[in-house]
file work-v9.tsv (TSV, C-alpha atoms)
chain	number	residue	atom	x	y	z
A	19	MET	CA	67.47	-19.92	-91.47
A	20	LEU	CA	65.06	-21.03	-94.19
A	21	MET	CA	61.36	-20.38	-93.98
A	22	HIS	CA	59.13	-22.69	-95.88
A	23	VAL	CA	55.34	-22.92	-96.25
A	24	ILE	CA	54.06	-26.45	-96.59
A	25	ASN	CA	50.58	-27.01	-97.99
A	26	VAL	CA	49.11	-29.76	-95.88
A	27	GLY	CA	45.45	-30.00	-96.90
A	28	HIS	CA	44.63	-32.64	-94.30
A	29	ASP	CA	40.94	-32.54	-93.29
A	30	VAL	CA	40.47	-33.91	-89.80
A	31	LEU	CA	36.71	-34.41	-90.20
A	32	LYS	CA	37.08	-36.02	-93.65
A	33	ALA	CA	39.41	-38.58	-92.04
A	34	ASN	CA	36.37	-39.73	-90.04
A	35	ASP	CA	34.25	-39.84	-93.22
A	36	LYS	CA	36.80	-42.12	-94.87
A	37	LEU	CA	36.76	-44.50	-91.92
A	38	ALA	CA	32.95	-44.40	-91.94
A	39	ALA	CA	32.95	-45.36	-95.62
A	40	ARG	CA	35.14	-48.35	-94.74
A	41	ASN	CA	32.72	-49.40	-91.98
A	42	LYS	CA	29.81	-49.12	-94.41
A	43	LYS	CA	31.60	-51.30	-96.96
A	44	LEU	CA	32.12	-53.98	-94.31
A	45	LEU	CA	28.46	-53.79	-93.27
A	46	ASP	CA	27.32	-53.98	-96.91
A	47	LYS	CA	29.52	-56.99	-97.53
A	48	ASN	CA	27.68	-58.77	-94.73
A	49	GLY	CA	24.22	-57.47	-95.70
A	50	VAL	CA	23.77	-55.58	-92.42
A	51	LEU	CA	21.42	-52.56	-92.26
A	52	ALA	CA	23.03	-50.11	-89.81
A	53	ILE	CA	21.01	-47.41	-88.09
A	54	ASN	CA	22.49	-44.46	-86.19
A	55	PHE	CA	20.10	-43.24	-83.46
A	56	MET	CA	20.83	-39.65	-82.53
A	57	GLY	CA	18.97	-37.50	-80.03
A	58	ALA	CA	19.20	-35.60	-76.77
A	59	ILE	CA	19.61	-37.12	-73.32
A	60	GLY	CA	16.24	-38.54	-72.26
A	61	SER	CA	14.63	-38.29	-75.71
A	62	GLY	CA	13.79	-42.01	-75.67
A	63	LYS	CA	16.54	-43.54	-77.83
A	64	THR	CA	17.16	-46.50	-75.54
A	65	THR	CA	13.44	-47.19	-75.11
A	66	ILE	CA	12.84	-47.10	-78.86
A	67	ILE	CA	15.76	-49.50	-79.36
A	68	GLU	CA	14.36	-51.82	-76.65
A	69	LYS	CA	10.94	-51.81	-78.30
A	70	THR	CA	12.51	-52.39	-81.71
A	71	VAL	CA	14.43	-55.39	-80.35
A	72	GLU	CA	11.26	-56.80	-78.74
A	73	ASN	CA	9.22	-56.32	-81.88
A	74	LEU	CA	11.66	-57.25	-84.64
A	75	GLY	CA	13.85	-59.71	-82.71
A	76	SER	CA	11.96	-62.77	-83.89
A	77	LYS	CA	12.03	-61.78	-87.57
A	78	TYR	CA	15.55	-60.36	-87.85
A	79	ARG	CA	18.93	-61.09	-86.29
A	80	LEU	CA	19.75	-57.91	-84.38
A	81	ALA	CA	22.82	-56.43	-82.70
A	82	VAL	CA	23.22	-53.18	-80.77
A	83	ILE	CA	26.09	-50.77	-80.19
A	84	ALA	CA	25.27	-48.61	-77.16
A	85	GLY	CA	27.33	-45.46	-76.82
A	86	ASP	CA	27.66	-43.62	-73.55
A	87	VAL	CA	30.21	-41.18	-72.18
A	88	VAL	CA	30.80	-43.42	-69.15
A	89	ALA	CA	29.02	-46.44	-67.61
A	90	ASP	CA	27.02	-49.09	-69.43
A	91	MET	CA	23.48	-48.66	-68.12
A	92	ASP	CA	21.93	-48.50	-71.60
A	93	ALA	CA	23.85	-51.54	-72.80
A	94	GLY	CA	22.69	-53.43	-69.70
A	95	ARG	CA	19.04	-52.55	-70.40
A	96	ILE	CA	19.27	-53.77	-73.97
A	97	ALA	CA	21.39	-56.86	-73.27
A	98	LYS	CA	18.64	-58.09	-70.91
A	99	LEU	CA	16.52	-58.66	-74.01
A	100	GLY	CA	18.97	-61.34	-75.13
A	101	VAL	CA	20.51	-59.48	-78.07
A	102	THR	CA	24.23	-58.99	-78.76
A	103	THR	CA	25.03	-55.61	-77.22
A	104	ILE	CA	28.41	-53.90	-77.37
A	105	PRO	CA	28.81	-51.03	-74.90
A	106	VAL	CA	31.04	-48.24	-76.19
A	107	ASN	CA	32.37	-45.72	-73.72
A	108	THR	CA	33.43	-42.62	-75.52
A	109	GLY	CA	35.36	-41.40	-72.45
A	110	ARG	CA	35.44	-37.65	-72.89
A	111	GLU	CA	33.69	-37.51	-76.24
A	112	CYS	CA	30.16	-36.26	-76.81
A	113	HIS	CA	29.47	-38.47	-79.83
A	114	LEU	CA	30.26	-41.83	-81.41
A	115	ASP	CA	32.78	-41.67	-84.23
A	116	ALA	CA	33.76	-44.04	-87.02
A	117	LYS	CA	36.85	-45.24	-85.18
A	118	LEU	CA	34.88	-46.30	-82.08
A	119	VAL	CA	32.36	-48.08	-84.31
A	120	GLU	CA	35.12	-49.81	-86.28
A	121	LYS	CA	36.44	-51.23	-83.01
A	122	ALA	CA	32.97	-52.29	-81.84
A	123	LEU	CA	32.24	-54.02	-85.17
A	124	LYS	CA	35.19	-56.35	-84.50
A	125	SER	CA	33.28	-57.90	-81.57
A	126	ILE	CA	30.13	-58.57	-83.62
A	127	ASP	CA	29.58	-61.63	-85.79
A	128	LEU	CA	28.36	-59.55	-88.73
A	129	LYS	CA	27.63	-62.54	-90.95
A	130	ASN	CA	24.82	-63.42	-88.56
A	131	VAL	CA	23.30	-59.96	-88.21
A	132	ASP	CA	20.53	-58.35	-90.31
A	133	ILE	CA	20.07	-55.05	-88.48
A	134	LEU	CA	22.61	-53.15	-86.36
A	135	LEU	CA	21.15	-50.51	-84.06
A	136	MET	CA	23.71	-47.92	-82.94
A	137	GLU	CA	22.72	-45.65	-80.08
A	138	ASN	CA	24.71	-42.43	-80.18
A	139	VAL	CA	25.62	-40.37	-77.12
A	140	GLY	CA	22.76	-38.11	-75.97
A	141	ASN	CA	23.46	-34.90	-77.87
A	142	LEU	CA	21.87	-33.01	-80.78
A	143	ILE	CA	25.00	-31.17	-81.83
A	144	CYS	CA	28.22	-33.09	-82.45
A	145	PRO	CA	26.76	-36.39	-83.76
A	146	ALA	CA	25.59	-34.41	-86.81
A	147	ASP	CA	29.23	-33.95	-87.88
A	148	TYR	CA	30.27	-37.59	-87.53
A	149	LYS	CA	29.28	-40.36	-89.91
A	150	LEU	CA	29.67	-43.87	-88.50
A	151	GLY	CA	29.12	-45.97	-91.62
A	152	GLU	CA	25.35	-46.14	-91.15
A	153	HIS	CA	22.75	-46.59	-93.89
A	154	LEU	CA	20.15	-44.67	-91.97
A	155	ARG	CA	20.33	-41.70	-89.65
A	156	VAL	CA	17.43	-41.37	-87.24
A	157	VAL	CA	16.89	-38.39	-84.96
A	158	VAL	CA	14.75	-39.04	-81.89
A	159	VAL	CA	13.36	-35.92	-80.28
A	160	SER	CA	10.70	-35.81	-77.58
A	161	VAL	CA	7.96	-33.25	-77.04
A	162	THR	CA	9.27	-32.77	-73.49
A	163	GLU	CA	12.33	-31.02	-74.92
A	164	GLY	CA	10.09	-28.13	-75.96
A	165	ASP	CA	8.53	-27.74	-79.40
A	166	ASP	CA	11.16	-25.30	-80.64
A	167	ILE	CA	13.92	-27.92	-80.28
A	168	VAL	CA	13.83	-28.83	-83.99
A	169	LEU	CA	14.50	-25.29	-85.19
A	170	LYS	CA	17.22	-24.87	-82.55
A	171	HIS	CA	19.19	-27.79	-84.03
A	172	PRO	CA	18.76	-27.42	-87.77
A	173	MET	CA	21.90	-29.27	-88.88
A	174	ILE	CA	21.02	-32.63	-87.35
A	175	PHE	CA	17.53	-32.52	-88.88
A	176	LYS	CA	18.93	-31.41	-92.22
A	177	HIS	CA	21.20	-34.46	-92.30
A	178	THR	CA	18.88	-37.19	-91.10
A	179	ASP	CA	16.84	-39.78	-92.99
A	180	ILE	CA	14.01	-40.19	-90.47
A	181	ALA	CA	12.79	-37.94	-87.64
A	182	ILE	CA	10.89	-39.40	-84.70
A	183	ILE	CA	8.86	-37.00	-82.56
A	184	HIS	CA	8.58	-39.14	-79.43
A	185	LYS	CA	6.43	-39.11	-76.26
A	186	LYS	CA	3.64	-37.44	-78.22
A	187	ASP	CA	1.17	-38.43	-75.49
A	188	LEU	CA	2.87	-35.95	-73.14
A	189	ALA	CA	2.57	-32.96	-75.47
A	190	GLU	CA	-0.40	-31.37	-73.75
A	191	ALA	CA	1.12	-31.71	-70.28
A	192	VAL	CA	4.27	-29.82	-71.36
A	193	PHE	CA	2.46	-27.25	-73.55
A	194	ALA	CA	4.17	-28.50	-76.69
A	195	SER	CA	2.81	-29.16	-80.16
A	196	ALA	CA	4.00	-32.37	-81.84
A	197	GLU	CA	2.48	-31.01	-85.06
A	198	LYS	CA	4.65	-27.88	-84.92
A	199	MET	CA	7.72	-30.09	-84.44
A	200	GLU	CA	6.67	-32.22	-87.41
A	201	ASP	CA	6.18	-29.10	-89.57
A	202	ASP	CA	9.59	-27.74	-88.54
A	203	ALA	CA	11.32	-31.04	-89.41
A	204	LYS	CA	9.52	-31.16	-92.77
A	205	HIS	CA	10.49	-27.56	-93.43
A	206	LEU	CA	14.18	-28.33	-92.84
A	207	ASN	CA	14.12	-31.63	-94.68
A	208	PRO	CA	11.02	-31.96	-96.90
A	209	ASP	CA	11.78	-35.46	-98.21
A	210	ILE	CA	12.10	-37.45	-94.98
A	211	PRO	CA	9.47	-39.43	-93.11
A	212	VAL	CA	8.52	-37.82	-89.78
A	213	LEU	CA	6.92	-40.25	-87.30
A	214	LYS	CA	5.04	-39.12	-84.20
A	215	THR	CA	5.32	-41.90	-81.63
A	216	SER	CA	4.52	-42.94	-78.09
A	217	ILE	CA	5.11	-46.31	-76.47
A	218	HIS	CA	1.52	-46.10	-75.23
A	219	ASP	CA	0.23	-45.94	-78.80
A	220	ALA	CA	0.95	-49.31	-80.43
A	221	GLU	CA	-0.15	-48.12	-83.85
A	222	SER	CA	2.41	-45.31	-83.88
A	223	MET	CA	5.20	-47.72	-82.90
A	224	ASP	CA	4.07	-50.19	-85.58
A	225	LYS	CA	4.64	-47.50	-88.21
A	226	TRP	CA	8.25	-47.25	-87.03
A	227	PHE	CA	8.75	-51.03	-87.00
A	228	SER	CA	7.34	-51.39	-90.51
A	229	THR	CA	9.52	-48.52	-91.79
A	230	ILE	CA	12.61	-50.30	-90.50
A	231	SER	CA	11.59	-53.77	-91.68
A	232	SER	CA	10.85	-52.59	-95.19
A	233	MET	CA	14.26	-50.90	-95.33
A	234	ALA	CA	16.01	-54.05	-94.06
A	235	ASP	CA	14.12	-56.18	-96.60
A	236	GLN	CA	15.03	-53.78	-99.37
A	237	LEU	CA	18.73	-53.96	-98.47
A	238	LYS	CA	18.59	-57.76	-98.38
A	239	GLN	CA	16.96	-57.78	-101.79
A	240	GLU	CA	19.60	-55.41	-103.19
A	241	ASN	CA	22.32	-57.71	-101.87
A	242	LYS	CA	20.72	-60.73	-103.56
A	243	ASP	CA	20.43	-58.91	-106.93
B	25	MET	CA	33.52	-30.87	-76.01
B	26	HIS	CA	35.24	-32.50	-78.96
B	27	GLU	CA	37.38	-29.51	-79.86
B	28	TYR	CA	40.14	-30.79	-77.57
B	29	SER	CA	40.46	-34.13	-79.33
B	30	LEU	CA	40.25	-32.45	-82.75
B	31	ALA	CA	43.00	-30.06	-81.64
B	32	CYS	CA	45.12	-33.03	-80.51
B	33	GLU	CA	44.68	-34.64	-83.92
B	34	ILE	CA	45.59	-31.37	-85.67
B	35	MET	CA	48.69	-30.98	-83.48
B	36	ASP	CA	49.80	-34.60	-84.10
B	37	ASN	CA	49.53	-33.93	-87.84
B	38	VAL	CA	51.43	-30.65	-87.62
B	39	ILE	CA	54.23	-32.29	-85.64
B	40	SER	CA	54.59	-35.17	-88.07
B	41	VAL	CA	54.60	-32.87	-91.13
B	42	ALA	CA	57.19	-30.65	-89.38
B	43	GLU	CA	59.37	-33.66	-88.55
B	44	GLU	CA	59.11	-35.11	-92.07
B	45	ASN	CA	60.43	-31.79	-93.35
B	46	THR	CA	63.22	-31.65	-90.73
B	47	ALA	CA	61.86	-28.42	-89.32
B	48	LYS	CA	63.61	-26.60	-86.51
B	49	GLY	CA	60.47	-24.73	-85.57
B	50	VAL	CA	56.97	-23.82	-86.71
B	51	ASN	CA	56.14	-20.17	-87.37
B	52	SER	CA	52.48	-20.53	-88.11
B	53	ILE	CA	49.67	-23.03	-88.55
B	54	THR	CA	46.79	-22.11	-90.87
B	55	LEU	CA	43.47	-23.89	-90.49
B	56	GLY	CA	40.20	-23.72	-92.39
B	57	VAL	CA	36.98	-24.25	-90.47
B	58	GLY	CA	33.72	-24.81	-92.37
B	59	ARG	CA	30.79	-22.65	-91.29
B	60	LEU	CA	28.42	-25.62	-91.36
B	61	THR	CA	30.37	-27.74	-88.87
B	62	HIS	CA	29.68	-27.48	-85.17
B	63	VAL	CA	33.37	-26.89	-84.51
B	64	ASN	CA	33.88	-23.76	-82.43
B	65	PRO	CA	36.88	-21.82	-83.81
B	66	ASP	CA	37.52	-20.04	-80.49
B	67	GLN	CA	37.74	-23.34	-78.62
B	68	ILE	CA	40.01	-24.89	-81.27
B	69	MET	CA	42.25	-21.82	-80.98
B	70	PHE	CA	42.34	-22.07	-77.18
B	71	CYS	CA	43.19	-25.79	-77.25
B	72	LEU	CA	45.93	-25.36	-79.88
B	73	GLU	CA	47.45	-22.40	-78.00
B	74	THR	CA	47.74	-24.70	-74.98
B	75	LEU	CA	48.92	-27.81	-76.85
B	76	LYS	CA	51.67	-26.07	-78.84
B	77	GLU	CA	53.58	-25.02	-75.72
B	78	ASP	CA	55.41	-28.32	-75.22
B	79	ASN	CA	56.41	-29.27	-78.74
B	80	ILE	CA	58.08	-28.09	-81.94
B	81	ALA	CA	55.18	-25.67	-82.61
B	82	LYS	CA	55.98	-23.62	-79.52
B	83	GLY	CA	55.47	-19.94	-80.34
B	84	ALA	CA	53.68	-20.65	-83.64
B	85	GLU	CA	50.95	-18.26	-84.70
B	86	ILE	CA	47.60	-19.98	-85.22
B	87	ILE	CA	45.53	-18.60	-88.09
B	88	ILE	CA	41.93	-19.72	-88.60
B	89	ASN	CA	40.12	-19.02	-91.88
B	90	GLU	CA	36.41	-19.56	-92.07
B	91	ILE	CA	35.22	-21.58	-95.06
B	92	TYR	CA	31.81	-20.57	-96.39
B	93	PRO	CA	29.65	-22.94	-98.37
B	94	GLU	CA	28.66	-22.15	-101.93
B	95	MET	CA	24.90	-21.74	-102.38
B	96	GLN	CA	23.68	-23.61	-105.44
B	97	CYS	CA	20.29	-23.68	-107.11
B	98	GLU	CA	18.83	-26.27	-109.47
B	99	CYS	CA	18.33	-23.49	-112.02
B	100	GLY	CA	22.11	-23.16	-112.21
B	101	PHE	CA	22.53	-20.00	-110.16
B	102	CYS	CA	25.43	-20.09	-107.65
B	103	GLU	CA	26.59	-17.62	-105.05
B	104	ASP	CA	29.26	-17.47	-102.37
B	105	ALA	CA	27.38	-17.86	-99.08
B	106	LYS	CA	29.54	-15.19	-97.50
B	107	LYS	CA	27.41	-12.59	-99.24
B	108	LEU	CA	24.35	-13.88	-97.38
B	109	CYS	CA	25.93	-13.35	-93.97
B	110	PHE	CA	25.90	-9.60	-94.09
B	111	VAL	CA	22.92	-7.38	-93.44
B	112	ASP	CA	23.89	-3.68	-93.52
B	113	ASP	CA	27.57	-4.58	-93.00
B	114	GLU	CA	26.72	-6.53	-89.87
B	115	ILE	CA	27.66	-10.21	-89.85
B	116	ILE	CA	24.94	-12.73	-88.99
B	117	ASP	CA	26.57	-15.57	-87.07
B	118	ASP	CA	23.85	-18.18	-87.38
B	119	ILE	CA	24.07	-21.56	-89.09
B	120	ARG	CA	20.43	-21.17	-90.21
B	121	THR	CA	21.50	-18.40	-92.57
B	122	PHE	CA	22.62	-21.11	-95.01
B	123	LEU	CA	19.71	-23.51	-94.63
B	124	ASP	CA	16.74	-21.55	-95.86
B	125	VAL	CA	17.87	-19.42	-98.77
B	126	GLN	CA	15.65	-18.67	-101.75
B	127	CYS	CA	17.31	-18.32	-105.13
B	128	PRO	CA	17.23	-14.67	-106.25
B	129	GLN	CA	16.79	-15.86	-109.85
B	130	CYS	CA	13.95	-18.37	-109.55
B	131	GLY	CA	12.79	-18.49	-105.92
B	132	GLN	CA	13.58	-22.17	-105.25
B	133	THR	CA	15.32	-23.19	-102.01
B	134	MET	CA	19.08	-23.22	-102.56
B	135	HIS	CA	21.42	-26.00	-101.51
B	136	ALA	CA	24.61	-25.33	-99.52
B	137	SER	CA	27.66	-27.10	-100.94
B	138	GLY	CA	30.80	-27.43	-98.79
B	139	GLY	CA	31.38	-25.73	-95.45
B	140	HIS	CA	31.90	-29.04	-93.64
B	141	GLU	CA	35.69	-28.83	-93.50
B	142	LEU	CA	38.19	-28.79	-90.67
B	143	VAL	CA	41.38	-28.66	-92.64
B	144	ILE	CA	45.02	-27.98	-91.89
B	145	GLU	CA	45.64	-25.72	-94.88
B	146	SER	CA	49.35	-25.09	-94.41
B	147	ILE	CA	52.15	-24.75	-91.92
B	148	ASP	CA	55.04	-22.33	-92.11
B	149	ILE	CA	58.24	-23.96	-90.84
B	150	GLU	CA	61.85	-23.00	-90.23
B	151	GLN	CA	64.44	-25.39	-91.62

call {"tool": "encode", "arguments": {"input": "work-v9.tsv", "output": "structure tokens"}}
result
Amino acid sequence: MLMHVINVGHDVLKANDKLAARNKKLLDKNGVLAINFMGAIGSGKTTIIEKTVENLGSKYRLAVIAGDVVADMDAGRIAKLGVTTIPVNTGRECHLDAKLVEKALKSIDLKNVDILLMENVGNLICPADYKLGEHLRVVVVSVTEGDDIVLKHPMIFKHTDIAIIHKKDLAEAVFASAEKMEDDAKHLNPDIPVLKTSIHDAESMDKWFSTISSMADQLKQENKD
Amino acid sequence: MHEYSLACEIMDNVISVAEENTAKGVNSITLGVGRLTHVNPDQIMFCLETLKEDNIAKGAEIIINEIYPEMQCECGFCEDAKKLCFVDDEIIDDIRTFLDVQCPQCGQTMHASGGHELVIESIDIEQ
């Protein structure tokens, strides 16, 4: 019998990256700014998306992909606001991947969308490894998760473009320091904007809305040029 | 728990490579797992050990090599990150080891390159 070593060299995670690059190309072709919202269960991802839809819905054409392991509660909450919402059930998976997003993109009229908000599954670990084709990665973390949460999950903060420290108004009640969390995020990723937000502080939310609108406007301008 | 679906994808690939090469059996499967991924090598091993039982890879040995990133500095200094994982011969199994490393030459924070792989390096088949 013959024994034979075959060099395979197939990278299973890179296969996702390739698919993500294809998604991004499709989004670029249609001038869509895609945002991947990552964060733990209960960090406030869905609420921030709802507020973003309410605030930017009149200026931009929005669509939402809402990922959940099972059920479509989040998608239902967002769809109530009258925006195209595609629920994605990952089944047994703890994260969205490029293949699931590719499928979801088929049900969206991309030509008529300016900003696509993608809500990942509540998890600070696996989503860090999976690109979806997004332009912007946003990590939402709340003070109620404890103020050492940033340092406990360095990879996701290392590979994000914006960090949101949410529910800052609750910090005192849970003995957490939003400032410590901000410092930790800046330490891991010195170049990114870190926003401290609360839905009860309109000014803090406005900072987030203006960050997103200026990025969407910039992408539109780049597409025109 | 995404190790199971990654293991399924690995096994599908192994089976198709084995079939393309008209293999009669698979002796071993060698994987490389990057130290900066969140993939747990023990779980991948467990899933593959289970999955291989009902296909051509039955009985195959599963070998997992860890892939370390290379630490690079703007000043041009580079070092294999593996060297950073040992303190007095004891291995530090912490992803943070690679994220906050000062360059021994100039003191700047070094950048980790690579270590994000989950690669089927090779399979050893019987023809």

call {"tool": "interface_residues", "arguments": {"input": "work-v9.tsv", "of": "chain B", "to": "chain A", "cutoff": "7 Å", "atoms": "all atoms listed in the file", "output": "list in words"}}
result
Met25, His26, Thr61, His62, Arg120, Glu141, Leu142, Val143, Ile144, Glu145, Ser146, Ile147, Asp148, Ile149, Glu150 and Gln151 of chain B

call {"tool": "atom_distance", "arguments": {"input": "work-v9.tsv", "atom1": "atom CA of Gly60 of chain A", "atom2": "atom CA of Asn64 of chain B"}}
result
25.2 Å

call {"tool": "residues_around", "arguments": {"input": "work-v9.tsv", "residues": "Asp92 of chain A", "least_positions_apart": "4", "cutoff": "10 Å", "atoms": "only C-alpha atoms", "output": "CSV table (one decimal) with C-alpha atoms, keeping the file's coordinate frame"}}
result
chain,number,residue,atom,x,y,z
A,63,LYS,CA,16.5,-43.5,-77.8
A,64,THR,CA,17.2,-46.5,-75.5
A,65,THR,CA,13.4,-47.2,-75.1
A,67,ILE,CA,15.8,-49.5,-79.4
A,68,GLU,CA,14.4,-51.8,-76.6
A,83,ILE,CA,26.1,-50.8,-80.2
A,84,ALA,CA,25.3,-48.6,-77.2
A,85,GLY,CA,27.3,-45.5,-76.8
A,86,ASP,CA,27.7,-43.6,-73.6
A,96,ILE,CA,19.3,-53.8,-74.0
A,97,ALA,CA,21.4,-56.9,-73.3
A,103,THR,CA,25.0,-55.6,-77.2
A,105,PRO,CA,28.8,-51.0,-74.9
A,137,GLU,CA,22.7,-45.6,-80.1

call {"tool": "closest_residue", "arguments": {"input": "work-v9.tsv", "among": "B:Leu55, B:Cys130, B:Leu75, B:Met69", "to": "Ile39 of chain B", "atoms": "all atoms listed in the file"}}
result
B:Leu75

call {"tool": "atom_distance", "arguments": {"input": "work-v9.tsv", "atom1": "atom CA of Val82 of chain A", "atom2": "atom CA of Ser216 of chain A"}}
result
21.5 Å

call {"tool": "closest_residue", "arguments": {"input": "work-v9.tsv", "among": "A:Ile66, A:Val101, A:Ala194, A:Leu37", "to": "Ile182 of chain A", "atoms": "only C-alpha atoms"}}
result
A:Ile66

call {"tool": "atom_distance", "arguments": {"input": "work-v9.tsv", "atom1": "atom CA of Leu213 of chain A", "atom2": "atom CA of Asp166 of chain A"}}
result
16.9 Å

call {"tool": "axis_aligned_box", "arguments": {"input": "work-v9.tsv", "around": "segment 52-58 of chain A", "padding_each_side": "4 Å", "output": "lines of an AutoDock Vina configuration file"}}
result
center_x = 21.0
center_y = -42.9
center_z = -83.3
size_x = 12.1
size_y = 22.5
size_z = 21.0

call {"tool": "closest_residue", "arguments": {"input": "work-v9.tsv", "among": "B:Ala47, B:Cys71, B:Val111, B:Ala105", "to": "Glu33 of chain B", "atoms": "all atoms listed in the file"}}
result
B:Cys71

call {"tool": "residues_around", "arguments": {"input": "work-v9.tsv", "residues": "segment 191-193 of chain A", "least_positions_apart": "5", "cutoff": "10 Å", "atoms": "only C-alpha atoms", "output": "list in words"}}
result
Val161, Thr162, Glu163, Gly164 and Asp165 of chain A

call {"tool": "write_last_selection", "arguments": {"input": "work-v9.tsv", "atoms": "C-alpha atoms", "output": "short mmCIF file (atom, residue, chain, number, x, y, z; two decimals), in the frame of the given file"}}
result
data_model
loop_
_atom_site.label_atom_id
_atom_site.label_comp_id
_atom_site.auth_asym_id
_atom_site.auth_seq_id
_atom_site.Cartn_x
_atom_site.Cartn_y
_atom_site.Cartn_z
CA VAL A 161 7.96 -33.25 -77.04
CA THR A 162 9.27 -32.77 -73.49
CA GLU A 163 12.33 -31.02 -74.92
CA GLY A 164 10.09 -28.13 -75.96
CA ASP A 165 8.53 -27.74 -79.40
#

call {"tool": "residues_around", "arguments": {"input": "work-v9.tsv", "residues": "Lys117 of chain A", "least_positions_apart": "2", "cutoff": "9 Å", "atoms": "all atoms listed in the file", "output": "VMD selection string"}}
result
chain A and resid 34 37 to 38 41 114 to 115 119 to 122 150

call {"tool": "closest_residue", "arguments": {"input": "work-v9.tsv", "among": "A:Ile53, A:Ala39, A:Ala203, A:Val159", "to": "Phe175 of chain A", "atoms": "only C-alpha atoms"}}
result
A:Ala203

call {"tool": "residues_around", "arguments": {"input": "work-v9.tsv", "residues": "Asp104 of chain B", "least_positions_apart": "2", "cutoff": "12 Å", "atoms": "all atoms listed in the file", "output": "number ranges by chain"}}
result
B: 91-97, 101-102, 106-110, 122, 134-139
